[in-house]
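Working notes, structure below.
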2 protein chains.
Amino acid sequence: MKDLHEIAASARNGFYQISVSESDKRNAVLKSLARLLTENKDSIFAANQADRDAAEAENLSSPLLHRLTFGEEKLSQVISGLYALVDLPDPISNTLAATEITEGLKLYRVSCPIGVIGVIFESRPDALIQISSLCIKSGNAVLLKGGREAIHTNQVLCGLVRSALEENGFSPDTAQLLETREDVAQMLKEDTLIDLIIPRGSNSFVRYIMDNSRIPVLGHSDGICHVYVDRDADPEMACKIVTDSKTQYVSVCNAAETLLVHRDIAARFLPEVYRSLRNKNVEIRGDEEVRKLIDCVQATDADWSTEYLDYIISVKIVSSLEEAVAHINRFGSHHTDCIVSENASAASAFMNTVDSAGVYWNVSTRFADGFVYGLGAEVGIATGKLHARGPMGLEGLTTYKYKLIGSGQTMEEMKTGKRHYTHVPLHENCPL
Amino acid sequence: MKDLHEIAASARNGFYQISVSESDKRNAVLKSLARLLTENKDSIFAANQADRDAAEAENLSSPLLHRLTFGEEKLSQVISGLYALVDLPDPISNTLAATEITEGLKLYRVSCPIGVIGVIFESRPDALIQISSLCIKSGNAVLLKGGREAIHTNQVLCGLVRSALEENGFSPDTAQLLETREDVAQMLKEDTLIDLIIPRGSNSFVRYIMDNSRIPVLGHSDGICHVYVDRDADPEMACKIVTDSKTQYVSVCNAAETLLVHRDIAARFLPEVYRSLRNKNVEIRGDEEVRKLIDCVQATDADWSTEYLDYIISVKIVSSLEEAVAHINRFGSHHTDCIVSENASAASAFMNTVDSAGVYWNVSTRFADGFVYGLGAEVGIATGKLHARGPMGLEGLTTYKYKLIGSGQTMEEMKTGKRHYTHVPLHENCPL
């Protein structure tokens with residue numbers, strides 16, 4: 001059994017190879033993978049059945065069981081996702097900007113892959129295919145750690161990814177599966193071999209990663225999303241948006257967890273949203289004031305920072321838009337938050353002051369997704385502010401380098417005025 | 001005296017105010033600052049004289065004394081830098097991308113400031129003006145910690161920045177000076193109030209910061225820049241580039257520290273570059289093979305990872321371009337590295353496989369600079385790979401958020417086919 005240092009070193013070698021490969025070669029891996037998934041669907045489904053049997057024996061909640069399931073429907077989704085990815089333009093070796101610095105000296109900013117990326121994801125096994133295919137398309141190597149519940153499915157899927165790499169002349173170690181928590185702890189120490197960690201999970205988990213590694217982290221933490229129903233909201237639209245944000249798919253990070261209602265509209269709106277949410281069997285947890293208007297469970301302070309991932313919503317009455325924004329900036333996870341209002345200045349104030357990756361006006365929080373945004377797919381939804389924010393697709397898996405091409409220019413010539421800065425924007429691609 | 005938590009909290013309030021201000025208001029601060037610098041130049045120069053007297057008493061090296069000096073020349077440079085910054089376009093509230101997701105639902109990616117930024121910089125006091133003006137222009141708040149040697153100059157300069165903010169209706173606490181190492185240690189703990197740390201300094205210092213904070217770090221660490229003289233180099237050009245890279249300004253991060261020479265050209269090239277470097281009083285430290293060709297000091301293993309910031313260069317003979325690249329990726333600081341060659345395929349291989357922010361062909365490493373690149377100015381040169389890489393100007397101080405504007409769309413309508421994804425690229429700015 002290889003130790004983590006060897007695993008990371010072999011991934012790094014895989015990165016050096018794939019990072020300089022042609023786009024067609026990387027797309028060929030994705031097409032091979034699509035074929036292998038179809039050819040091997042029986043073993044995938046059998047492995048997934050083993051995972052689900054174990055999960056049922058352990059009494060996993062039904063939303064979690066739903067996420068774990070990988071059947072015909074998920075298979076056809078991931079395969080069509082692979083073909084969609086093949087059709088996307090190559091994210092690397094693109095000239096992002098070009099400038100003539102002085103006569104004969106040209107500066108190019110060129111996109112390139114990041115390197116070796118460690119991704120820790122939750123129980124959905126289809127995430128393994130999405131993440132590894134995004135990394136391969138963008139010329140990166142990837143170390144994958146999925147949920148323990150999905151181990152059998154993940155082993156089969158990662159084996160197919162490796163076969164697809166090998167079939168096309170790449171090292172299979174460009175994608176590797178980690179199986180234990182100890183592997184993750186070891187991975188965090190390899191800061192000279194691994195360039196980026198993407199942890200998808202709870203806030204406390206992301207904090208654990210940050211506290212234990214020098215490797216840069218693009219955190220995908222809790223999705224504590226809010227819907228704020230403004231004084232000037234259309235109650236019918238608000239009801240529709242709250243119900244969709246909460247119930248359309250409860251076990252995902254872009255589902256709403258907290259409803260904030262302006263006091264001036266509460267008496268009219270709360271009974272209406274109560275009926276709609278109870279219709280979908282949602283448990284409502286309200287503050288004192290809410291409980292005077294509708295029959296619900298008492299919310300505690302812990303509720304404002306809880307991601308239920310279930311048919312539960314916390315509800316609070318606020319006296320102003322500013323109070324709603326302050327609540328969201330304090331308790332939210334900077335993921336996606338929505339205002340329902342007919343008032344454009346209220347919407348503008350909300351969208352500019354809420355410090356989240358997604359700020360929505362009159363639309364369900366469930367739209368926070370890389371496919372929905374037109375990014376093709378996503379490796380995660382970054383809740384930090386740097387590098388990539390929100391749904392993170394191919395572009396988030398790239399960085400850039402500056403290529404400067406001259407003919408012997410020196411700084412001394414610039415300082416003494418023998419040459420002059422021209423700073424002419426160029427409309428050409430880097431020739432190298 | 002305020003403690004660090006209060007300092008950071010007041011900076012955060014400053015951020016909330018400046019982040020939503022008009023471009024004209026932020027530019028007015030920069031113009032006020034230019035005026036205040038001229039009006040108060042006598043007190044600036046007096047404070048700087050006090051710093052230089054103390055430094056001379058402590059026997060600071062002459063390159064460091066040179067960096068510390070803030071006289072008429074630096075003053076006119078920072079003032080023209082401020083006016084250049086005023087003329088640059090506003091980096092925030094720009095629509096970076098826009099897409100129609102479905103009928104009546106528009107997604108905008110809009111640039112915005114990052115928040116509160118902590119910058120730790122070295123002895124150059126002009127850096128204080130550059131950093132704080134870039135932060136103000138981009139709508140961020142800034143906590144500044146300069147070198148201990150420049151404390152008097154920095155106090156006067158930061159006071160002027162604060163006056164310029166106040167004159168224009170902003171909280172002066174949008175820019176604050178930290179004075180002790182203890183302040184820095186405290187700052188690293190304020191991860192809910194501070195969004196980004198930019199440490200400029202040695203590798204070990206940047207590592208210390210990363211090990212002691214959950215706040216994202218954009219490291220500006222050692223500048224261990226290399227010039228690789230390829231087998232197919234023009235020796236005359238190589239000599240000129242090596243000499244400029246090493247000697248044009250030795251105490252800066254983009255000066256070269258190590259020269260790698262292909263074995264096939266060493267016997268011809270080394271005596272030539274020896275004369276040129278000795279002419280500038282550069283101490284040469286060579287490996288065994290180098291010492292057979294020229295008279296120089298023996299290099300030890302430590303030399304390959306040392307940033308001299310002085311008239312010293314380490315020299316090594318390599319047997320291939322691959323060996324040069326491996327040496328650079330192992331010992332370099334991913335800052336800026338140059339190949340001198342007449343061979344385009346060698347240049348291409350070097351530029352694609354050297355894992356640095358700047359990869360140069362036939363040009364001095366001294367060109368790695370935000371002004372030179374046409375970015376206006378720089379807050380640092382990032383040697384990591386995420387968010388910003390290389391000279392980091394206004395764009396590096398911004399992030400983006402997704403603004404989604406709808407009219408009651410739900411995910412249920414998308415899933416049931418009542419609405420369809422259109423994903424039409426839009427050519428319009430976000431209205432909010």
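Chain labels A, B, ... are given in the sequence in which chains occur in the structure tokens; within each chain residues are numbered consecutively from 1, and ligands are likewise numbered from 1 in the order shown.
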Please, which residues of chain B lie no more than 6 Å from chain A when the count uses only C-alpha atoms, and can they be set out as a list in words?
-> Met210, Arg214, Met237, Asp244, Ser348, Ala357, Gly358, Val359, Tyr360, Trp361, Asn362, Val363, Ser364, Leu386, His387, Lys401, Tyr402, Lys403, Leu404, Ile405, Gly406, Ser407, Gly408, Gln409, Thr410 and Leu432 of chain B
Identify, on the basis of only C-alpha atoms, every residue whose closest approach to region 308-317 of chain A does not exceed 7 Å; exclude the query and any residue fewer than 4 positions from it along the same chain; express the result as a JSON list (two decimals) with N, CA, C and O atoms, in the first residue's frame.
[["chain", "number", "residue", "atom", "x", "y", "z"],
["A", 247, "THR", "N", -38.30, 23.28, -0.16],
["A", 247, "THR", "CA", -38.74, 21.88, -0.32],
["A", 247, "THR", "C", -38.39, 21.22, -1.65],
["A", 247, "THR", "O", -38.55, 20.00, -1.78],
["A", 250, "VAL", "N", -34.50, 19.01, -0.40],
["A", 250, "VAL", "CA", -34.08, 19.52, 0.92],
["A", 250, "VAL", "C", -32.64, 19.22, 1.29],
["A", 250, "VAL", "O", -32.04, 19.90, 2.12],
["A", 251, "SER", "N", -32.04, 18.18, 0.69],
["A", 251, "SER", "CA", -30.74, 17.74, 1.19],
["A", 251, "SER", "C", -29.56, 18.37, 0.47],
["A", 251, "SER", "O", -28.45, 17.84, 0.50],
["A", 252, "VAL", "N", -29.78, 19.50, -0.17],
["A", 252, "VAL", "CA", -28.68, 20.15, -0.90],
["A", 252, "VAL", "C", -28.35, 21.51, -0.29],
["A", 252, "VAL", "O", -29.18, 22.11, 0.41],
["A", 257, "GLU", "N", -32.74, 27.58, 4.62],
["A", 257, "GLU", "CA", -32.86, 27.07, 5.99],
["A", 257, "GLU", "C", -33.57, 28.06, 6.89],
["A", 257, "GLU", "O", -34.14, 27.68, 7.89],
["A", 258, "THR", "N", -33.49, 29.34, 6.54],
["A", 258, "THR", "CA", -34.09, 30.36, 7.40],
["A", 258, "THR", "C", -34.92, 31.34, 6.56],
["A", 258, "THR", "O", -34.48, 31.78, 5.49],
["A", 259, "LEU", "N", -36.10, 31.64, 7.08],
["A", 259, "LEU", "CA", -36.99, 32.63, 6.46],
["A", 259, "LEU", "C", -37.03, 33.85, 7.36],
["A", 259, "LEU", "O", -37.30, 33.75, 8.56],
["A", 260, "LEU", "N", -36.72, 35.03, 6.79],
["A", 260, "LEU", "CA", -36.81, 36.29, 7.52],
["A", 260, "LEU", "C", -37.98, 37.07, 6.93],
["A", 260, "LEU", "O", -38.09, 37.21, 5.71],
["A", 261, "VAL", "N", -38.86, 37.58, 7.80],
["A", 261, "VAL", "CA", -40.06, 38.25, 7.32],
["A", 261, "VAL", "C", -40.14, 39.65, 7.94],
["A", 261, "VAL", "O", -39.97, 39.81, 9.15],
["A", 262, "HIS", "N", -40.35, 40.65, 7.09],
["A", 262, "HIS", "CA", -40.51, 42.02, 7.60],
["A", 262, "HIS", "C", -41.79, 42.10, 8.43],
["A", 262, "HIS", "O", -42.83, 41.57, 8.04],
["A", 263, "ARG", "N", -41.70, 42.77, 9.57],
["A", 263, "ARG", "CA", -42.81, 42.83, 10.51],
["A", 263, "ARG", "C", -44.10, 43.34, 9.86],
["A", 263, "ARG", "O", -45.19, 42.83, 10.13],
["A", 281, "ASN", "N", -45.19, 19.08, 4.50],
["A", 281, "ASN", "CA", -44.68, 18.45, 5.74],
["A", 281, "ASN", "C", -43.41, 19.09, 6.28],
["A", 281, "ASN", "O", -42.53, 18.40, 6.80],
["A", 282, "VAL", "N", -43.31, 20.40, 6.15],
["A", 282, "VAL", "CA", -42.14, 21.09, 6.70],
["A", 282, "VAL", "C", -42.42, 21.46, 8.16],
["A", 282, "VAL", "O", -43.47, 22.03, 8.47],
["A", 283, "GLU", "N", -41.46, 21.15, 9.04],
["A", 283, "GLU", "CA", -41.54, 21.59, 10.43],
["A", 283, "GLU", "C", -41.08, 23.03, 10.49],
["A", 283, "GLU", "O", -40.02, 23.39, 9.94],
["A", 284, "ILE", "N", -41.87, 23.89, 11.15],
["A", 284, "ILE", "CA", -41.54, 25.31, 11.23],
["A", 284, "ILE", "C", -41.07, 25.63, 12.65],
["A", 284, "ILE", "O", -41.71, 25.23, 13.62],
["A", 285, "ARG", "N", -39.93, 26.29, 12.76],
["A", 285, "ARG", "CA", -39.41, 26.71, 14.07],
["A", 285, "ARG", "C", -39.35, 28.24, 14.08],
["A", 285, "ARG", "O", -38.53, 28.83, 13.37],
["A", 286, "GLY", "N", -40.20, 28.86, 14.91],
["A", 286, "GLY", "CA", -40.29, 30.30, 14.87],
["A", 286, "GLY", "C", -39.84, 30.97, 16.16],
["A", 286, "GLY", "O", -39.82, 30.34, 17.22],
["A", 287, "ASP", "N", -39.50, 32.27, 16.06],
["A", 287, "ASP", "CA", -39.20, 33.01, 17.28],
["A", 287, "ASP", "C", -40.52, 33.38, 17.96],
["A", 287, "ASP", "O", -41.61, 33.10, 17.44],
["A", 289, "GLU", "N", -42.29, 35.99, 18.34],
["A", 289, "GLU", "CA", -43.24, 36.80, 17.58],
["A", 289, "GLU", "C", -43.93, 35.99, 16.49],
["A", 289, "GLU", "O", -45.12, 36.16, 16.24],
["A", 290, "VAL", "N", -43.16, 35.10, 15.87],
["A", 290, "VAL", "CA", -43.73, 34.23, 14.85],
["A", 290, "VAL", "C", -44.81, 33.33, 15.47],
["A", 290, "VAL", "O", -45.88, 33.12, 14.89],
["A", 299, "ALA", "N", -38.13, 28.33, 18.10],
["A", 299, "ALA", "CA", -36.75, 28.32, 17.60],
["A", 299, "ALA", "C", -35.79, 28.69, 18.73],
["A", 299, "ALA", "O", -36.11, 29.55, 19.57],
["A", 303, "ASP", "N", -30.78, 27.43, 16.11],
["A", 303, "ASP", "CA", -31.44, 27.25, 14.81],
["A", 303, "ASP", "C", -30.90, 28.19, 13.74],
["A", 303, "ASP", "O", -30.84, 27.82, 12.57],
["A", 304, "TRP", "N", -30.52, 29.41, 14.13],
["A", 304, "TRP", "CA", -30.08, 30.38, 13.12],
["A", 304, "TRP", "C", -28.79, 29.96, 12.43],
["A", 304, "TRP", "O", -28.47, 30.43, 11.34]]
Could you please determine the separation between CA of Asp173 (chain B) and CA of Glu323 (chain A) in Å, to one decimal place?
-> 23.5 Å
Any idea what the distance is between CA of Ser23 (chain A) and CA of Asn140 (chain A)?
-> 12.5 Å
Between B:Asp301, B:Asp222, B:Asp87, B:Glu72, which is the closest to Glu288 (chain B) once you count only C-alpha atoms?
->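 Selected residue with least distance to Glu288 (chain B): B:Asp301.
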Name the residues of region 70-106 of chain B that come out as strand (DSSP E) in a backbone DSSP run; write them as a list in words.
->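 Here is the list: Thr95, Leu96, Ala97, Ala98, Thr99, Glu100, Ile101, Thr102, Leu105 and Lys106 of chain B.
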Which of these residues is nearest to His327 (chain B), using only C-alpha atoms: B:Ile136, B:Leu68, B:Ala50, B:Ile224?
-> B:Ile224
Name the closest residue to Gln186 (chain A) among the candidates A:Leu4, A:Ala256, A:Leu60, A:Leu426; distances are taken between atoms, counting only C-alpha atoms.
->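 Nearest to Gln186 (chain A): A:Leu4.
Each of A:Cys225, A:Leu321, A:Leu88, A:Met392 was checked against Glu378 (chain A) using only C-alpha atoms; the smallest atom-to-atom distance is that of A:Met392.
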Restricting the calculation to only C-alpha atoms, which member of B:Glu166, B:Asp295, B:Glu122, B:His226 is positioned closest to Phe205 (chain B)?
->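 Selected residue with least distance to Phe205 (chain B): B:Glu122.
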Excluding same-chain residues fewer than 5 positions from Thr38 (chain A), what lies within 12 Å of it counting only C-alpha atoms, as a PyMOL selection string?
-> chain A and resi 31-33+43-45+71-72+74-80+157+160
Residues just named, written with N, CA and C atoms as a compact mmCIF listing (two decimals), in the first residue's frame:
# COMPACT_ATOMS: atom_id res chain seq x y z
N LYS A 31 -14.48 11.01 -23.11
CA LYS A 31 -15.31 10.14 -23.96
C LYS A 31 -15.09 8.67 -23.59
N SER A 32 -13.84 8.29 -23.33
CA SER A 32 -13.59 6.91 -22.87
C SER A 32 -14.36 6.63 -21.59
N LEU A 33 -14.34 7.60 -20.70
CA LEU A 33 -15.03 7.41 -19.41
C LEU A 33 -16.52 7.22 -19.62
N SER A 43 -21.73 -3.42 -12.69
CA SER A 43 -20.89 -3.44 -11.48
C SER A 43 -21.05 -2.15 -10.67
N ILE A 44 -21.31 -1.04 -11.35
CA ILE A 44 -21.57 0.21 -10.60
C ILE A 44 -22.84 0.04 -9.75
N PHE A 45 -23.91 -0.45 -10.39
CA PHE A 45 -25.18 -0.57 -9.66
C PHE A 45 -25.07 -1.58 -8.51
N GLY A 71 -28.31 5.20 -9.79
CA GLY A 71 -29.01 4.26 -10.66
C GLY A 71 -28.97 4.73 -12.10
N GLU A 72 -29.88 4.18 -12.91
CA GLU A 72 -29.94 4.54 -14.35
C GLU A 72 -30.03 6.05 -14.56
N LYS A 74 -29.10 8.67 -12.58
CA LYS A 74 -27.82 9.35 -12.31
C LYS A 74 -26.80 9.00 -13.38
N LEU A 75 -26.79 7.75 -13.80
CA LEU A 75 -25.83 7.33 -14.83
C LEU A 75 -26.01 8.15 -16.10
N SER A 76 -27.26 8.28 -16.53
CA SER A 76 -27.46 9.01 -17.78
C SER A 76 -27.16 10.49 -17.57
N GLN A 77 -27.39 11.00 -16.36
CA GLN A 77 -27.02 12.40 -16.07
C GLN A 77 -25.51 12.60 -16.14
N VAL A 78 -24.75 11.72 -15.51
CA VAL A 78 -23.30 11.95 -15.53
C VAL A 78 -22.73 11.76 -16.93
N ILE A 79 -23.29 10.83 -17.69
CA ILE A 79 -22.80 10.64 -19.06
C ILE A 79 -23.12 11.87 -19.92
N SER A 80 -24.32 12.41 -19.79
CA SER A 80 -24.60 13.60 -20.59
C SER A 80 -23.76 14.77 -20.08
N LEU A 157 -16.19 3.59 -9.51
CA LEU A 157 -16.16 4.78 -10.38
C LEU A 157 -14.73 5.29 -10.58
N LEU A 160 -12.82 3.31 -13.03
CA LEU A 160 -13.16 3.61 -14.43
C LEU A 160 -12.47 4.90 -14.89
Mind the document's chain letters and residue numbers, and return as a PyMOL selection string the residues of region 8-95 of chain B that DSSP labels alpha helix (DSSP H).
-> chain B and resi 8-19+23-39+41-57+62-68+72-87
Val184 (chain B): which residues within 9 Å, counting only C-alpha atoms, same-chain residues fewer than 5 positions away excluded, as a PyMOL selection string?
-> chain B and resi 4+118+120+145+178-179
Selected residues, all heavy atoms, written as an mmCIF file, in the first residue's frame, please.
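Dumped everything to again27.cif:
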data_model
loop_
_atom_site.group_PDB
_atom_site.id
_atom_site.type_symbol
_atom_site.label_atom_id
_atom_site.label_comp_id
_atom_site.auth_asym_id
_atom_site.auth_seq_id
_atom_site.Cartn_x
_atom_site.Cartn_y
_atom_site.Cartn_z
ATOM 1 N N LEU B 4 -6.847 45.021 19.146
ATOM 2 C CA LEU B 4 -6.903 44.655 17.741
ATOM 3 C C LEU B 4 -8.319 44.322 17.274
ATOM 4 O O LEU B 4 -8.687 44.606 16.135
ATOM 5 C CB LEU B 4 -5.931 43.490 17.487
ATOM 6 C CG LEU B 4 -5.277 43.455 16.127
ATOM 7 C CD1 LEU B 4 -6.264 42.933 15.104
ATOM 8 C CD2 LEU B 4 -4.763 44.818 15.671
ATOM 9 N N GLY B 118 -5.390 42.874 5.513
ATOM 10 C CA GLY B 118 -4.212 43.146 6.343
ATOM 11 C C GLY B 118 -2.965 42.987 5.499
ATOM 12 O O GLY B 118 -2.769 41.936 4.893
ATOM 13 N N ILE B 120 1.216 43.236 5.446
ATOM 14 C CA ILE B 120 2.450 43.340 6.223
ATOM 15 C C ILE B 120 3.570 43.532 5.214
ATOM 16 O O ILE B 120 3.781 42.682 4.347
ATOM 17 C CB ILE B 120 2.675 42.063 7.049
ATOM 18 C CG1 ILE B 120 1.439 41.792 7.910
ATOM 19 C CG2 ILE B 120 3.925 42.192 7.914
ATOM 20 C CD1 ILE B 120 1.256 40.337 8.254
ATOM 21 N N LYS B 145 0.898 47.052 8.362
ATOM 22 C CA LYS B 145 2.013 46.866 9.288
ATOM 23 C C LYS B 145 3.302 46.963 8.480
ATOM 24 O O LYS B 145 3.608 46.093 7.674
ATOM 25 C CB LYS B 145 1.898 45.498 9.976
ATOM 26 C CG LYS B 145 3.130 45.095 10.790
ATOM 27 C CD LYS B 145 3.317 45.975 12.022
ATOM 28 C CE LYS B 145 4.467 45.473 12.901
ATOM 29 N NZ LYS B 145 5.790 45.658 12.291
ATOM 30 N N LEU B 178 -0.743 49.362 12.166
ATOM 31 C CA LEU B 178 -0.398 48.513 13.311
ATOM 32 C C LEU B 178 1.084 48.727 13.593
ATOM 33 O O LEU B 178 1.872 48.902 12.674
ATOM 34 C CB LEU B 178 -0.665 47.046 12.993
ATOM 35 C CG LEU B 178 -2.051 46.714 12.441
ATOM 36 C CD1 LEU B 178 -2.209 45.209 12.300
ATOM 37 C CD2 LEU B 178 -3.136 47.275 13.344
ATOM 38 N N GLU B 179 1.449 48.699 14.868
ATOM 39 C CA GLU B 179 2.829 49.078 15.166
ATOM 40 C C GLU B 179 3.698 47.968 15.742
ATOM 41 O O GLU B 179 4.911 48.084 15.747
ATOM 42 C CB GLU B 179 2.833 50.304 16.083
ATOM 43 C CG GLU B 179 2.086 51.467 15.423
ATOM 44 C CD GLU B 179 2.421 52.829 15.992
ATOM 45 O OE1 GLU B 179 3.062 52.896 17.054
ATOM 46 O OE2 GLU B 179 2.033 53.824 15.352
#
Expressed in Å to a single decimal, how great is the separation between CA of Gln298 (chain B) and CA of Val325 (chain B)?
->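 About the pair CA of Gln298 (chain B) and CA of Val325 (chain B): they are 22.5 Å apart.
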Near region 10-15 of chain A, counting only C-alpha atoms, which residues have an atom at most 9 Å away, once you skip same-chain residues fewer than 6 positions from it, shown as a PyMOL selection string?
-> chain A and resi 113+115-116+139-143+170-176+193-194
Residue neighbourhood Thr69 (chain A), 12 Å, only C-alpha atoms, exclusion window fewer than 4 positions, as a PyMOL selection string | chain A and resi 44-53+55-56+62-65+73-75+123-127+149-150+152-154
Atoms kept (C-alpha atoms) for selection, written as a compact mmCIF listing (two decimals), in the first residue's frame:
# COMPACT_ATOMS: atom_id res chain seq x y z
CA ILE A 44 -21.57 0.21 -10.60
CA PHE A 45 -25.18 -0.57 -9.66
CA ALA A 46 -24.15 -3.66 -7.68
CA ALA A 47 -21.58 -1.66 -5.71
CA ASN A 48 -24.15 1.06 -5.10
CA GLN A 49 -26.65 -1.54 -3.87
CA ALA A 50 -24.05 -2.75 -1.36
CA ASP A 51 -23.56 0.83 -0.14
CA ARG A 52 -27.32 1.39 0.16
CA ASP A 53 -27.84 -1.89 2.01
CA ALA A 55 -26.71 2.61 4.83
CA GLU A 56 -30.18 1.21 5.47
CA SER A 62 -34.04 9.22 3.76
CA PRO A 63 -32.61 12.43 2.20
CA LEU A 64 -29.10 10.99 2.68
CA LEU A 65 -30.15 7.66 1.16
CA GLU A 73 -31.07 8.14 -13.92
CA LYS A 74 -27.82 9.35 -12.31
CA LEU A 75 -25.83 7.33 -14.83
CA SER A 123 -22.07 11.02 -0.02
CA ARG A 124 -23.18 11.65 -3.63
CA PRO A 125 -21.11 9.25 -5.77
CA ASP A 126 -21.97 11.11 -8.99
CA ALA A 127 -19.85 13.94 -7.53
CA GLU A 149 -21.18 5.53 2.91
CA ALA A 150 -20.37 5.51 -0.82
CA HIS A 152 -17.98 0.70 -2.88
CA THR A 153 -19.55 2.86 -5.57
CA ASN A 154 -16.60 5.28 -5.44
